[in-house]
Amino acid sequence: MVRFLAVIVAVAALTGCQTETASTPTATVSTQNTNDTRIAKQLFGAARVASAQAPDAVGGYALGCQAGAVQLPETGPTWQAMRLSRNRNWAQPITVDYVQELSRFAATQPGWEGLYVGDMSQPRGGPMLTGHRSHQSGLDIDVWMLPPKRLNLTEAERESISSISMRRAAGAYTNSSWTPQHEAIMKAAASDPRVARIFVFPGAKVAMCNSATGDRSWLNKIRPWWGHHYHFHVRLKCPAGDRNCVDQAPPPPGDGCADAQTWVNNILNPPPPDPNATPAAPRREITMARLPAQCTTILNAN
Ligand SMILES: [Zn+2]
């Protein structure tokens, strides 16, 4: 009798096992991303072309990816993409349209043939092996501060030529390379309703605060940030209707000039270190599990 019961239990267990096997594919799909400990930058850094999908900026600027990216042509009538070996002249269609339009404006400025365009995103976005924390969702663009004198740079020249720094006194001030044209181009860049923010070193923001006349509303989007003296960084808002895209909170209201001046003051007279400050937590490596689930699909798409 005991033996008979044991057989029944064994059969029940088998049946249960089969049921579980049958349900496994569904369970695997829904939890696949959660358990995926692969390092995202290695996978996205290896993707050479965009996914053959509808355009989609997925996730946030510093934790996302992109589907259906397009490539900024390496050379256009008013721009050249730089550092082609990095293969980062990919972005959402809205971003490529934007930078082409901005370059047409830049070409109207004395001394500027257009724009030298630095990093945008990788073909499928995502984290990069080197360089940026953001630029992941196809909505970020680095624009070189170097005024283009010509737009026939060879591929080799685009690897070797450097941009120029605009800063003096560790970023508290602009230097003699800064021109009214830089301000005019950044004003045009910020005045576009597609733009969320523009990052530039604090001395440039204060310089523009001091020289801007008339409408100052565009200064709201010019945000002081570390680095950003060889290029300025344009960040677009999520495209309308893109439900997978995560916007950043808008900048606080106002022109932000007092805040930028405080930043400058702290560069000139650094406050003593706060003895009670908690050290910054080390940055965690971005695994596939931390990215939106769509990023796995985008990575695997044709
Ligand atoms: Zn950037």
# chains A, B, ... in the order shown; residues from 1 in each chain; ligands from 1
>>> residues_near_ligand(ligand="ligand 1", cutoff="7 Å", atoms="only C-alpha atoms and all ligand atoms", output="PyMOL selection string")
chain A and resi 119+132+135+140-142+233
>>> closest_atom_pairs(of="segment 81-151 of chain A", to="segment 238-261 of chain A", cutoff="10 Å", atoms="only C-alpha atoms", output="tab-separated table")
residue	atom	partner	partner_atom	distance
A:Gln92	CA	A:Pro239	CA	9.0
A:Pro93	CA	A:Pro239	CA	9.6
A:Ile94	CA	A:Pro239	CA	7.3
A:Thr95	CA	A:Pro239	CA	9.4
A:Ser137	CA	A:Cys245	CA	8.1
A:Gly138	CA	A:Cys238	CA	9.8
A:Leu139	CA	A:Cys238	CA	7.6
>>> closest_atom_pairs(of="segment 107-127 of chain A", to="segment 35-43 of chain A", cutoff="12 Å", atoms="only C-alpha atoms", output="tab-separated table")
residue	atom	partner	partner_atom	distance
A:Gln122	CA	A:Lys41	CA	10.3
A:Pro123	CA	A:Leu43	CA	11.5
A:Arg124	CA	A:Leu43	CA	9.8
A:Gly125	CA	A:Lys41	CA	9.6
A:Gly126	CA	A:Lys41	CA	6.8
A:Pro127	CA	A:Lys41	CA	4.6
>>> write_last_selection(atoms="C-alpha atoms", output="mmCIF file, in the first residue's frame")
data_model
loop_
_atom_site.group_PDB
_atom_site.id
_atom_site.type_symbol
_atom_site.label_atom_id
_atom_site.label_comp_id
_atom_site.auth_asym_id
_atom_site.auth_seq_id
_atom_site.Cartn_x
_atom_site.Cartn_y
_atom_site.Cartn_z
ATOM 1 C CA GLN A 122 25.765 54.205 -30.740
ATOM 2 C CA PRO A 123 23.694 52.494 -33.460
ATOM 3 C CA ARG A 124 21.412 50.933 -30.843
ATOM 4 C CA GLY A 125 22.240 53.438 -28.125
ATOM 5 C CA GLY A 126 22.872 51.956 -24.697
ATOM 6 C CA PRO A 127 25.903 52.342 -22.440
#
>>> residues_around(residues="segment 211-227 of chain A", least_positions_apart="5", cutoff="6 Å", atoms="only C-alpha atoms", output="number ranges by chain")
A: 190-191, 197-202, 254-256
>>> write_last_selection(atoms="N, CA and C atoms", output="tab-separated table (two decimals), in the first residue's frame")
chain	number	residue	atom	x	y	z
A	190	ALA	N	19.25	76.55	-27.92
A	190	ALA	CA	18.37	76.46	-26.74
A	190	ALA	C	16.96	76.94	-27.03
A	191	SER	N	16.80	77.79	-28.03
A	191	SER	CA	15.48	78.35	-28.32
A	191	SER	C	14.57	77.36	-29.04
A	197	ARG	N	17.62	70.54	-22.45
A	197	ARG	CA	18.73	71.18	-21.75
A	197	ARG	C	19.94	71.27	-22.65
A	198	ILE	N	20.81	72.21	-22.31
A	198	ILE	CA	22.14	72.28	-22.94
A	198	ILE	C	23.16	72.41	-21.81
A	199	PHE	N	24.17	71.58	-21.86
A	199	PHE	CA	25.20	71.59	-20.82
A	199	PHE	C	26.44	72.31	-21.34
A	200	VAL	N	26.94	73.24	-20.51
A	200	VAL	CA	28.18	73.94	-20.86
A	200	VAL	C	28.87	74.34	-19.56
A	201	PHE	N	30.17	74.64	-19.64
A	201	PHE	CA	30.91	74.97	-18.41
A	201	PHE	C	30.37	76.27	-17.80
A	202	PRO	N	30.47	76.42	-16.46
A	202	PRO	CA	29.82	77.53	-15.77
A	202	PRO	C	30.23	78.91	-16.27
A	254	GLY	N	13.15	80.30	-14.40
A	254	GLY	CA	14.09	81.42	-14.31
A	254	GLY	C	15.28	81.21	-15.22
A	255	ASP	N	16.15	82.22	-15.26
A	255	ASP	CA	17.29	82.16	-16.19
A	255	ASP	C	18.47	81.35	-15.63
A	256	GLY	N	18.42	81.00	-14.34
A	256	GLY	CA	19.48	80.17	-13.76
A	256	GLY	C	20.80	80.89	-13.60
>>> closest_residue(among="A:Ser160, A:Ser165, A:Thr130, A:Asn175", to="Met145 of chain A", atoms="only C-alpha atoms")
A:Ser165
>>> select_by_dssp(residues="segment 38-205 of chain A", states="strand (DSSP E)", output="PyMOL selection string")
chain A and resi 56-60+63-67+70-71+75-76+79-81+90-91+115-117+140-144+167-168+173-174+195-200
>>> write_last_selection(atoms="N, CA and C atoms", output="mmCIF file, in the first residue's frame")
data_model
loop_
_atom_site.group_PDB
_atom_site.id
_atom_site.type_symbol
_atom_site.label_atom_id
_atom_site.label_comp_id
_atom_site.auth_asym_id
_atom_site.auth_seq_id
_atom_site.Cartn_x
_atom_site.Cartn_y
_atom_site.Cartn_z
ATOM 1 N N ASP A 56 12.446 54.614 -31.783
ATOM 2 C CA ASP A 56 11.969 54.610 -30.399
ATOM 3 C C ASP A 56 13.141 54.954 -29.486
ATOM 4 N N ALA A 57 13.005 56.036 -28.731
ATOM 5 C CA ALA A 57 13.988 56.375 -27.698
ATOM 6 C C ALA A 57 13.505 55.710 -26.419
ATOM 7 N N VAL A 58 14.238 54.698 -25.969
ATOM 8 C CA VAL A 58 13.756 53.864 -24.871
ATOM 9 C C VAL A 58 14.497 54.197 -23.577
ATOM 10 N N GLY A 59 13.731 54.420 -22.517
ATOM 11 C CA GLY A 59 14.322 54.648 -21.203
ATOM 12 C C GLY A 59 14.828 56.069 -21.049
ATOM 13 N N GLY A 60 15.817 56.247 -20.167
ATOM 14 C CA GLY A 60 16.352 57.565 -19.867
ATOM 15 C C GLY A 60 17.665 57.804 -20.602
ATOM 16 N N LEU A 63 20.214 55.612 -18.969
ATOM 17 C CA LEU A 63 19.822 54.223 -18.704
ATOM 18 C C LEU A 63 18.779 53.840 -19.751
ATOM 19 N N GLY A 64 19.252 53.683 -20.978
ATOM 20 C CA GLY A 64 18.306 53.407 -22.053
ATOM 21 C C GLY A 64 18.990 52.861 -23.290
ATOM 22 N N CYS A 65 18.270 52.901 -24.388
ATOM 23 C CA CYS A 65 18.772 52.410 -25.669
ATOM 24 C C CYS A 65 17.870 52.999 -26.749
ATOM 25 N N GLN A 66 18.127 52.667 -28.017
ATOM 26 C CA GLN A 66 17.276 53.221 -29.068
ATOM 27 C C GLN A 66 17.032 52.199 -30.176
ATOM 28 N N ALA A 67 15.817 52.236 -30.692
ATOM 29 C CA ALA A 67 15.445 51.426 -31.852
ATOM 30 C C ALA A 67 15.330 52.345 -33.065
ATOM 31 N N VAL A 70 18.811 56.522 -37.013
ATOM 32 C CA VAL A 70 19.358 56.870 -38.321
ATOM 33 C C VAL A 70 20.751 57.455 -38.107
ATOM 34 N N GLN A 71 21.530 57.454 -39.179
ATOM 35 C CA GLN A 71 22.917 57.910 -39.088
ATOM 36 C C GLN A 71 22.992 59.327 -39.653
ATOM 37 N N THR A 75 29.186 63.776 -43.936
ATOM 38 C CA THR A 75 29.380 65.162 -44.365
ATOM 39 C C THR A 75 28.100 65.663 -45.009
ATOM 40 N N GLY A 76 27.712 66.893 -44.674
ATOM 41 C CA GLY A 76 26.570 67.529 -45.309
ATOM 42 C C GLY A 76 26.951 68.926 -45.717
ATOM 43 N N TRP A 79 27.693 70.606 -42.221
ATOM 44 C CA TRP A 79 28.231 69.879 -41.074
ATOM 45 C C TRP A 79 29.212 68.801 -41.499
ATOM 46 N N GLN A 80 30.043 68.376 -40.538
ATOM 47 C CA GLN A 80 30.810 67.144 -40.658
ATOM 48 C C GLN A 80 30.734 66.412 -39.331
ATOM 49 N N ALA A 81 30.553 65.119 -39.401
ATOM 50 C CA ALA A 81 30.622 64.283 -38.204
ATOM 51 C C ALA A 81 32.087 63.971 -37.934
ATOM 52 N N TRP A 90 24.925 58.175 -34.711
ATOM 53 C CA TRP A 90 23.587 57.603 -34.810
ATOM 54 C C TRP A 90 22.681 58.261 -33.770
ATOM 55 N N ALA A 91 21.414 58.426 -34.140
ATOM 56 C CA ALA A 91 20.471 59.027 -33.190
ATOM 57 C C ALA A 91 19.049 58.814 -33.698
ATOM 58 N N LEU A 115 28.790 73.213 -38.564
ATOM 59 C CA LEU A 115 29.136 72.601 -37.275
ATOM 60 C C LEU A 115 29.989 71.349 -37.470
ATOM 61 N N TYR A 116 30.918 71.179 -36.528
ATOM 62 C CA TYR A 116 31.573 69.881 -36.371
ATOM 63 C C TYR A 116 30.804 69.150 -35.269
ATOM 64 N N VAL A 117 30.243 68.025 -35.625
ATOM 65 C CA VAL A 117 29.376 67.291 -34.698
ATOM 66 C C VAL A 117 30.150 66.150 -34.069
ATOM 67 N N ASP A 140 20.895 62.811 -27.377
ATOM 68 C CA ASP A 140 21.993 63.680 -26.935
ATOM 69 C C ASP A 140 22.977 63.916 -28.089
ATOM 70 N N ILE A 141 23.496 65.134 -28.145
ATOM 71 C CA ILE A 141 24.454 65.516 -29.204
ATOM 72 C C ILE A 141 25.561 66.367 -28.594
ATOM 73 N N ASP A 142 26.801 66.049 -28.903
ATOM 74 C CA ASP A 142 27.918 66.932 -28.562
ATOM 75 C C ASP A 142 28.286 67.760 -29.788
ATOM 76 N N VAL A 143 28.321 69.082 -29.622
ATOM 77 C CA VAL A 143 28.688 69.986 -30.720
ATOM 78 C C VAL A 143 30.036 70.615 -30.371
ATOM 79 N N TRP A 144 30.978 70.494 -31.290
ATOM 80 C CA TRP A 144 32.309 71.036 -31.034
ATOM 81 C C TRP A 144 32.293 72.557 -30.951
ATOM 82 N N ARG A 167 37.671 77.757 -22.057
ATOM 83 C CA ARG A 167 37.639 78.179 -20.658
ATOM 84 C C ARG A 167 38.970 78.727 -20.149
ATOM 85 N N ARG A 168 38.838 79.492 -19.094
ATOM 86 C CA ARG A 168 39.960 80.078 -18.373
ATOM 87 C C ARG A 168 39.627 79.945 -16.896
ATOM 88 N N TYR A 173 35.640 81.389 -16.174
ATOM 89 C CA TYR A 173 35.491 82.407 -17.231
ATOM 90 C C TYR A 173 35.703 81.775 -18.599
ATOM 91 N N THR A 174 35.228 82.500 -19.611
ATOM 92 C CA THR A 174 35.572 82.114 -20.982
ATOM 93 C C THR A 174 36.946 82.693 -21.308
ATOM 94 N N VAL A 195 14.315 71.104 -27.501
ATOM 95 C CA VAL A 195 15.451 70.954 -26.585
ATOM 96 C C VAL A 195 14.996 70.951 -25.127
ATOM 97 N N ALA A 196 15.562 70.027 -24.352
ATOM 98 C CA ALA A 196 15.305 69.976 -22.907
ATOM 99 C C ALA A 196 16.361 70.767 -22.140
ATOM 100 N N ARG A 197 17.616 70.535 -22.446
ATOM 101 C CA ARG A 197 18.729 71.182 -21.745
ATOM 102 C C ARG A 197 19.943 71.265 -22.650
ATOM 103 N N ILE A 198 20.811 72.212 -22.313
ATOM 104 C CA ILE A 198 22.137 72.281 -22.942
ATOM 105 C C ILE A 198 23.156 72.413 -21.815
ATOM 106 N N PHE A 199 24.172 71.575 -21.858
ATOM 107 C CA PHE A 199 25.201 71.595 -20.819
ATOM 108 C C PHE A 199 26.444 72.311 -21.339
ATOM 109 N N VAL A 200 26.945 73.240 -20.505
ATOM 110 C CA VAL A 200 28.175 73.941 -20.864
ATOM 111 C C VAL A 200 28.868 74.345 -19.561
#
>>> select_by_dssp(residues="segment 98-218 of chain A", states="helix (DSSP H, G or I)", output="PDB file with C-alpha atoms, in the first residue's frame")
ATOM      1  CA  TYR A  98      17.651  69.019 -35.231  1.00  0.00           C
ATOM      2  CA  VAL A  99      21.425  69.001 -35.645  1.00  0.00           C
ATOM      3  CA  GLN A 100      21.158  69.539 -39.394  1.00  0.00           C
ATOM      4  CA  GLU A 101      18.905  72.561 -38.813  1.00  0.00           C
ATOM      5  CA  LEU A 102      21.225  73.952 -36.156  1.00  0.00           C
ATOM      6  CA  SER A 103      24.166  73.545 -38.512  1.00  0.00           C
ATOM      7  CA  ARG A 104      22.322  75.591 -41.166  1.00  0.00           C
ATOM      8  CA  PHE A 105      21.976  78.396 -38.653  1.00  0.00           C
ATOM      9  CA  ALA A 106      25.625  78.084 -37.605  1.00  0.00           C
ATOM     10  CA  GLU A 155      38.459  60.805 -42.398  1.00  0.00           C
ATOM     11  CA  ALA A 156      42.019  60.934 -41.032  1.00  0.00           C
ATOM     12  CA  GLU A 157      41.776  64.640 -40.232  1.00  0.00           C
ATOM     13  CA  ARG A 158      38.546  64.007 -38.381  1.00  0.00           C
ATOM     14  CA  GLU A 159      40.439  61.587 -36.158  1.00  0.00           C
ATOM     15  CA  SER A 160      43.417  63.848 -35.511  1.00  0.00           C
ATOM     16  CA  ALA A 169      40.499  79.814 -14.594  1.00  0.00           C
ATOM     17  CA  ALA A 170      39.222  76.226 -14.399  1.00  0.00           C
ATOM     18  CA  GLY A 171      35.958  77.158 -16.079  1.00  0.00           C
ATOM     19  CA  PRO A 180      29.590  86.244 -29.942  1.00  0.00           C
ATOM     20  CA  GLN A 181      28.998  83.553 -32.564  1.00  0.00           C
ATOM     21  CA  HIS A 182      29.300  80.855 -29.892  1.00  0.00           C
ATOM     22  CA  GLU A 183      26.588  82.623 -27.936  1.00  0.00           C
ATOM     23  CA  ALA A 184      24.399  83.106 -31.015  1.00  0.00           C
ATOM     24  CA  ILE A 185      24.632  79.407 -31.872  1.00  0.00           C
ATOM     25  CA  MET A 186      23.911  78.288 -28.314  1.00  0.00           C
ATOM     26  CA  LYS A 187      20.983  80.712 -28.149  1.00  0.00           C
ATOM     27  CA  ALA A 188      19.553  79.254 -31.346  1.00  0.00           C
ATOM     28  CA  ALA A 189      20.199  75.763 -30.018  1.00  0.00           C
ATOM     29  CA  ALA A 190      18.375  76.463 -26.739  1.00  0.00           C
ATOM     30  CA  SER A 191      15.485  78.349 -28.325  1.00  0.00           C
ATOM     31  CA  PRO A 202      29.817  77.533 -15.767  1.00  0.00           C
ATOM     32  CA  GLY A 203      31.955  80.416 -17.069  1.00  0.00           C
ATOM     33  CA  ALA A 204      30.185  80.286 -20.444  1.00  0.00           C
ATOM     34  CA  LYS A 205      26.759  80.365 -18.847  1.00  0.00           C
ATOM     35  CA  VAL A 206      27.685  83.414 -16.767  1.00  0.00           C
ATOM     36  CA  ALA A 207      29.232  85.107 -19.816  1.00  0.00           C
ATOM     37  CA  MET A 208      25.954  84.640 -21.699  1.00  0.00           C
ATOM     38  CA  CYS A 209      23.952  85.821 -18.654  1.00  0.00           C
ATOM     39  CA  ASN A 210      26.005  89.015 -18.718  1.00  0.00           C
ATOM     40  CA  SER A 211      25.714  89.699 -22.424  1.00  0.00           C
ATOM     41  CA  SER A 217      14.018  82.808 -21.543  1.00  0.00           C
ATOM     42  CA  TRP A 218      16.425  80.636 -23.567  1.00  0.00           C
TER      43      TRP A 218
END
>>> atom_distance(atom1="atom CA of Gly111 of chain A", atom2="atom CA of Pro147 of chain A")
6.7 Å
>>> atom_distance(atom1="atom CA of Arg284 of chain A", atom2="atom CA of Ser121 of chain A")
20.9 Å
>>> atom_distance(atom1="atom CA of Gly114 of chain A", atom2="atom CA of Asp192 of chain A")
17.4 Å
